[in-house]
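Asker: Can you keep this structure in mind? I'll have questions shortly.
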Amino acid sequence: GTRINLLCKIVNEFIGPGRHHECHRNLVFQNTKQLKLNPENYNEGLLSCICYVYWKLEQIHCLIIDVLSLGADVLPEYKLQTPRINKFTILHYSPFKAVWDWLILLLVIYTAIFTPYSAAFLLNDSEDRKRRECGYSCSPLNVVDLIVDIMFIIDILINFRTTYVNQNEEVVSDPAKIAIHYFKGWFLIDMVAAIPFDLLIFGSGSEETTTLIGLLKTARLLRLVRVARKLDRYSEYGAAVLMLLMCIFALIAHWLACIWYAIGNVERPYLAHKIGWLDSLGEQLGKHYNKSDASSGPSIKDKYVTALYFTFSSLTTLMYASIFGNVSAIIQRLYSGTARYHMQMLRVKEFIRFHQIPNPLRQRLEEYFQHAWTYTNGIDMNMVLKGFPECLQADICLHLNQNLLQNCKAFRGASKGCLRALAMKFKTTHAPPGDTLVHCGDVLTALYFVSRGSIEILKSDIVVAILGKNDIFGEMVHLYAKPGKSNADVRALTYCDLHKIQREDLLEVLDMYPEFSDLFLTNLELTFNLRDETAK
């Protein structure tokens, strides 16, 4: 028992997400040696089983968190970052935020169902008089509504302390920036949806007040806008889409039933002849309306079921041909991109399985594919560009590299023709954090210009320089007849955009424009020279 507890403690300490159980087993053996224990005395099969169980539990935990998350991104690569946050700041992809979002989702669904029902069927004169006599808490539904309002207000406070991802795919944890971002976004909708209007104007006994309460309570339905955006991440599942369509259909029918009853209830007292559908329902059920008895007539259940049946029948007749007759076409058209993603991901996994690629490299392949797909949506930009005429390609490339060509000192004095030629040769590279752009010993075949992000230069795993926007690294191409080899590793610290031009392409443009060649070679200032002068 002591040995098993010790093994569990070691495994729990050194286990990490996304690693193979063989790697876990090796880590355990290494660390038992560091603790001056003899790992050969332990049952290797038991140790492997323990490692494998922990690895599977870690995978299940990550899967549950990913499914529970109601964020907008299907592939949140920014989770690879480790942002520095305040202790009162909440990560938008944390387990707590995922559970809280699901709780708010359930409350919004409750609001979407009961708010129209309460406004149409329950907020009548007798209900209002009863509430004024016995107090606001006499109705359990009013208490629940008050709790929902409180939860929505708490959600607003939480949103003021929840991180978000900016346009540069960076996690923003600064409280001031979070507050500004929230004010510009969903704050107004959340605030209007959280105001307890019926509590604020409680005590006014006029008929206009009762009607006003019913109208103002429907402001809570604004929260559905946010829910619709968050539920979009589950649209990749066909069954989920069909279920969502059916739920929307039922919800719309419910709303129309409440509106249908509200219209009939308002017009009934003003009809000279009792020809309204409520009077007809009362006659059919034998529950006639009596002017002297406000509680006379069909029950609320009878009126709601009748109104719902009418709206369901009408919607089914009107919308069947336009929506449900084309469900397969709608799903295929809306989620064709998701199908392409799964097909390409399946090919990557089949490639990994066929060539038996080990786990560290396998994980890098999958993460790079996911990141590249998220960045480009699976579209080969170079192929799209090649589909245009060459003159139009030059204009597009000039626009894409406009900031570099205008702001970089090396390109000052170049003619328009020279800039167009250079723009055609530049290629844009996007690198996620941890991606190695150049390895030590690689041949320096290109010159790199950093457009966005941070890059570190390492020699023998020691950081010797950190480069940022507008920095240049590579080698001085005009000083050497042949390309040299790199003396360091170049690795991305954050999400980076780089403009890259091949050595041969640059020399070709300089040969075509000799008047610009001297200016370029004079103004070019490398932030870090990667050429290894000791290499032969």
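Chains: A, B, ... in order of the structure tokens. Residues: from 1 per chain. Ligands: from 1, in order shown.
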Do you know which residues are at most 12 Å from Val443 (chain A) counting only C-alpha atoms, after dropping those on the same chain fewer than 5 positions away, and could you put them as an mmCIF file with C-alpha atoms, in the first residue's frame?

Answerer:
```cif
data_model
loop_
_atom_site.group_PDB
_atom_site.id
_atom_site.type_symbol
_atom_site.label_atom_id
_atom_site.label_comp_id
_atom_site.auth_asym_id
_atom_site.auth_seq_id
_atom_site.Cartn_x
_atom_site.Cartn_y
_atom_site.Cartn_z
ATOM 1 C CA VAL A 438 15.157 28.513 -37.801
ATOM 2 C CA GLY A 474 19.009 36.610 -41.269
ATOM 3 C CA GLU A 475 22.311 37.487 -42.953
ATOM 4 C CA LYS A 482 26.959 31.597 -50.867
ATOM 5 C CA PRO A 483 24.392 31.362 -48.060
ATOM 6 C CA GLY A 484 25.728 30.638 -44.618
ATOM 7 C CA LYS A 485 24.470 28.522 -41.744
ATOM 8 C CA SER A 486 22.574 29.673 -38.687
ATOM 9 C CA ASN A 487 24.455 30.028 -35.411
ATOM 10 C CA ALA A 488 21.332 29.977 -33.224
ATOM 11 C CA ASP A 489 17.749 28.815 -32.903
ATOM 12 C CA GLN A 502 14.186 34.223 -50.363
ATOM 13 C CA ARG A 503 17.850 35.087 -50.908
ATOM 14 C CA LEU A 530 22.368 34.638 -37.760
ATOM 15 C CA ARG A 531 25.343 33.729 -39.958
ATOM 16 C CA ASP A 532 27.852 31.426 -38.315
ATOM 17 C CA ALA A 535 31.344 27.467 -40.258
#
```

Asker: Going by DSSP on the backbone, which residues of region 393-509 of chain A come out as strand (DSSP E or B)? List them as a PDB file with C-alpha atoms, in the first residue's frame.

Answerer:
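Generated file (result-v8.pdb):
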```pdb
ATOM      1  CA  LYS A 427       5.765  35.573 -48.435  1.00  0.00           C
ATOM      2  CA  THR A 428       3.873  36.002 -45.169  1.00  0.00           C
ATOM      3  CA  THR A 429       4.473  33.434 -42.419  1.00  0.00           C
ATOM      4  CA  HIS A 430       2.325  33.020 -39.306  1.00  0.00           C
ATOM      5  CA  ALA A 431       3.898  31.219 -36.340  1.00  0.00           C
ATOM      6  CA  THR A 436      10.908  27.100 -34.168  1.00  0.00           C
ATOM      7  CA  LEU A 437      11.425  29.168 -37.316  1.00  0.00           C
ATOM      8  CA  VAL A 438      15.157  28.513 -37.801  1.00  0.00           C
ATOM      9  CA  VAL A 443      21.127  27.113 -44.250  1.00  0.00           C
ATOM     10  CA  ALA A 446      15.807  33.854 -46.554  1.00  0.00           C
ATOM     11  CA  LEU A 447      15.677  37.250 -44.884  1.00  0.00           C
ATOM     12  CA  TYR A 448      12.981  37.733 -42.217  1.00  0.00           C
ATOM     13  CA  PHE A 449      11.089  40.906 -41.237  1.00  0.00           C
ATOM     14  CA  VAL A 450       9.007  40.741 -38.025  1.00  0.00           C
ATOM     15  CA  SER A 451       5.592  42.327 -38.518  1.00  0.00           C
ATOM     16  CA  ARG A 452       3.908  41.310 -35.257  1.00  0.00           C
ATOM     17  CA  ILE A 455      10.763  36.135 -31.183  1.00  0.00           C
ATOM     18  CA  GLU A 456      13.634  34.811 -29.085  1.00  0.00           C
ATOM     19  CA  ILE A 457      17.138  33.889 -30.285  1.00  0.00           C
ATOM     20  CA  LEU A 458      18.728  30.986 -28.424  1.00  0.00           C
ATOM     21  CA  LYS A 459      22.283  29.683 -28.352  1.00  0.00           C
ATOM     22  CA  ILE A 462      20.311  30.377 -23.601  1.00  0.00           C
ATOM     23  CA  VAL A 463      18.306  33.400 -24.745  1.00  0.00           C
ATOM     24  CA  VAL A 464      20.695  35.910 -26.295  1.00  0.00           C
ATOM     25  CA  ALA A 465      18.162  38.277 -27.883  1.00  0.00           C
ATOM     26  CA  ILE A 466      14.435  39.002 -28.103  1.00  0.00           C
ATOM     27  CA  LEU A 467      13.129  40.546 -31.297  1.00  0.00           C
ATOM     28  CA  ILE A 472      15.099  41.991 -39.103  1.00  0.00           C
ATOM     29  CA  PHE A 473      17.113  38.772 -38.819  1.00  0.00           C
ATOM     30  CA  GLY A 474      19.009  36.610 -41.269  1.00  0.00           C
ATOM     31  CA  LYS A 485      24.470  28.522 -41.744  1.00  0.00           C
ATOM     32  CA  SER A 486      22.574  29.673 -38.687  1.00  0.00           C
ATOM     33  CA  ASP A 489      17.749  28.815 -32.903  1.00  0.00           C
ATOM     34  CA  VAL A 490      14.908  31.231 -33.632  1.00  0.00           C
ATOM     35  CA  ARG A 491      11.672  30.512 -31.775  1.00  0.00           C
ATOM     36  CA  ALA A 492       8.353  32.357 -31.534  1.00  0.00           C
ATOM     37  CA  CYS A 496       3.955  36.172 -34.853  1.00  0.00           C
ATOM     38  CA  ASP A 497       3.539  37.461 -38.399  1.00  0.00           C
ATOM     39  CA  LEU A 498       6.707  37.568 -40.474  1.00  0.00           C
ATOM     40  CA  HIS A 499       7.487  38.717 -44.004  1.00  0.00           C
ATOM     41  CA  LYS A 500      10.032  36.441 -45.640  1.00  0.00           C
ATOM     42  CA  ILE A 501      11.907  36.880 -48.908  1.00  0.00           C
ATOM     43  CA  GLN A 502      14.186  34.223 -50.363  1.00  0.00           C
TER      44      GLN A 502
END
```

Asker: Could you check the closest approach to Phe121 (chain A) for each of A:Phe187, A:Trp373, A:Tyr304, A:Trp255 and tell me which residue wins, using only C-alpha atoms?

Answerer: A:Tyr304

Asker: If we count only C-alpha atoms, what is near His92 (chain A) at a cut-off of 7 Å, once residues fewer than 5 positions away on the same chain are taken out, given as a PyMOL selection string?

Answerer: chain A and resi 97+162-164

Asker: Would you give me, as JSON lines, each residue of region 358-467 of chain A having an atom within 10 Å of an atom of region 351-354 of chain A, along with its shortest atom pair and that distance in Å to one decimal, using only C-alpha atoms and sorting by chain and residue number?

Answerer:
```
{"residue": "A:Pro358", "atom": "CA", "partner": "A:Ile352", "partner_atom": "CA", "distance": 8.4}
{"residue": "A:Asn359", "atom": "CA", "partner": "A:Ile352", "partner_atom": "CA", "distance": 9.5}
{"residue": "A:Leu361", "atom": "CA", "partner": "A:Ile352", "partner_atom": "CA", "distance": 9.3}
{"residue": "A:Arg362", "atom": "CA", "partner": "A:Ile352", "partner_atom": "CA", "distance": 6.6}
{"residue": "A:Gln363", "atom": "CA", "partner": "A:Ile352", "partner_atom": "CA", "distance": 9.8}
{"residue": "A:Leu365", "atom": "CA", "partner": "A:Ile352", "partner_atom": "CA", "distance": 8.6}
{"residue": "A:Glu366", "atom": "CA", "partner": "A:Ile352", "partner_atom": "CA", "distance": 9.3}
```

Asker: Those residues with C-alpha atoms, as a PDB file, in the first residue's frame please?

Answerer:
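again.pdb, freshly written:
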```pdb
ATOM      1  CA  PRO A 358       5.797   9.499 -31.866  1.00  0.00           C
ATOM      2  CA  ASN A 359       3.778  11.599 -29.485  1.00  0.00           C
ATOM      3  CA  LEU A 361       5.988  15.258 -32.898  1.00  0.00           C
ATOM      4  CA  ARG A 362       2.426  14.029 -33.338  1.00  0.00           C
ATOM      5  CA  GLN A 363       1.110  16.627 -30.929  1.00  0.00           C
ATOM      6  CA  LEU A 365       1.531  18.249 -36.068  1.00  0.00           C
ATOM      7  CA  GLU A 366      -2.027  18.310 -34.743  1.00  0.00           C
TER       8      GLU A 366
END
```

Asker: Distance CA of Phe520 (chain A)-CA of Gln393 (chain A), one decimal place?

Answerer: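 Computed distance, CA of Phe520 (chain A) to CA of Gln393 (chain A), equals 23.8 Å.
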
Asker: For Arg161 (chain A), find every residue with an atom within 8 Å (counting only C-alpha atoms), except residues of its own chain fewer than 6 positions away, and show them as number ranges by chain.

Answerer: A: 88-90, 175, 178-179

Asker: Which of these residues is nearest to Ile147 (chain A), using only C-alpha atoms: A:Leu91, A:Leu526, A:Ile252, A:Leu107?

Answerer: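 Distance minimum relative to Ile147 (chain A) lands on A:Leu107.
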
Asker: Run DSSP on the backbone and give me the residues of region 245-441 of chain A it puts in alpha helix (DSSP H), as a PyMOL selection string.

Answerer: chain A and resi 245-267+277-285+300-319+327-334+336-355+359-376+381-386+390-400+402-407+416-425

Asker: Compile the contact shell of Arg268 (chain A) as a PDB file with N, CA, C and O atoms, in the first residue's frame: residues with an atom at most 8 Å away, counting only C-alpha atoms, same-chain residues fewer than 4 positions apart removed.

Answerer:
```
ATOM      1  N   GLY A 264     -56.109  38.236 -28.098  1.00  0.00           N
ATOM      2  CA  GLY A 264     -57.500  37.828 -27.873  1.00  0.00           C
ATOM      3  C   GLY A 264     -58.047  38.308 -26.545  1.00  0.00           C
ATOM      4  O   GLY A 264     -59.226  38.697 -26.444  1.00  0.00           O
ATOM      5  N   LYS A 274     -69.917  38.076 -29.156  1.00  0.00           N
ATOM      6  CA  LYS A 274     -68.901  37.185 -28.611  1.00  0.00           C
ATOM      7  C   LYS A 274     -68.438  36.212 -29.698  1.00  0.00           C
ATOM      8  O   LYS A 274     -68.834  35.038 -29.742  1.00  0.00           O
ATOM      9  N   GLY A 276     -64.999  36.074 -30.526  1.00  0.00           N
ATOM     10  CA  GLY A 276     -63.569  35.822 -30.358  1.00  0.00           C
ATOM     11  C   GLY A 276     -63.294  34.360 -30.053  1.00  0.00           C
ATOM     12  O   GLY A 276     -64.181  33.600 -29.622  1.00  0.00           O
ATOM     13  N   LEU A 278     -61.582  33.113 -27.646  1.00  0.00           N
ATOM     14  CA  LEU A 278     -61.684  32.786 -26.221  1.00  0.00           C
ATOM     15  C   LEU A 278     -63.131  32.491 -25.828  1.00  0.00           C
ATOM     16  O   LEU A 278     -63.405  31.553 -25.055  1.00  0.00           O
ATOM     17  N   ASP A 279     -64.083  33.292 -26.375  1.00  0.00           N
ATOM     18  CA  ASP A 279     -65.496  33.012 -26.100  1.00  0.00           C
ATOM     19  C   ASP A 279     -65.919  31.681 -26.729  1.00  0.00           C
ATOM     20  O   ASP A 279     -66.670  30.907 -26.115  1.00  0.00           O
TER      21      ASP A 279
END
```

Asker: With a distance cut-off of 8 Å and only C-alpha atoms, select the neighbouring residues of Ala112 (chain A), excluding the residue or stretch itself and same-chain residues fewer than 6 positions from it, and output the selection as a list in words.

Answerer: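 Skipping anything fewer than 6 positions along the chain leaves Arg220, Leu221, Leu224 and Leu251 of chain A.
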
Asker: Keeping only all heavy atoms, write those residues as a CSV table (one decimal), in the first residue's frame.

Answerer:
```
chain,number,residue,atom,x,y,z
A,220,ARG,N,-35.7,40.8,-21.1
A,220,ARG,CA,-34.8,39.8,-20.7
A,220,ARG,C,-34.4,38.9,-21.9
A,220,ARG,O,-33.4,38.2,-21.9
A,220,ARG,CB,-35.4,38.9,-19.6
A,220,ARG,CG,-35.6,39.5,-18.3
A,220,ARG,CD,-36.2,38.5,-17.4
A,220,ARG,NE,-36.4,39.1,-16.0
A,220,ARG,CZ,-36.9,38.4,-15.0
A,220,ARG,NH1,-37.4,37.2,-15.3
A,220,ARG,NH2,-37.0,38.9,-13.8
A,221,LEU,N,-35.3,38.9,-22.9
A,221,LEU,CA,-35.1,38.0,-24.1
A,221,LEU,C,-33.9,38.5,-24.9
A,221,LEU,O,-33.4,37.8,-25.8
A,221,LEU,CB,-36.3,38.0,-25.0
A,221,LEU,CG,-37.6,37.4,-24.3
A,221,LEU,CD1,-38.7,37.4,-25.3
A,221,LEU,CD2,-37.3,36.0,-23.8
A,224,LEU,N,-30.9,36.2,-25.3
A,224,LEU,CA,-30.8,35.1,-26.3
A,224,LEU,C,-29.8,35.4,-27.4
A,224,LEU,O,-29.3,34.5,-28.1
A,224,LEU,CB,-32.2,34.9,-26.9
A,224,LEU,CG,-33.2,34.3,-25.9
A,224,LEU,CD1,-34.6,34.2,-26.6
A,224,LEU,CD2,-32.8,32.9,-25.6
A,251,LEU,N,-39.9,27.1,-29.5
A,251,LEU,CA,-39.8,28.3,-28.8
A,251,LEU,C,-40.6,29.4,-29.5
A,251,LEU,O,-41.3,30.2,-28.9
A,251,LEU,CB,-38.4,28.8,-28.6
A,251,LEU,CG,-38.1,30.0,-27.7
A,251,LEU,CD1,-38.6,29.7,-26.3
A,251,LEU,CD2,-36.6,30.3,-27.7
```
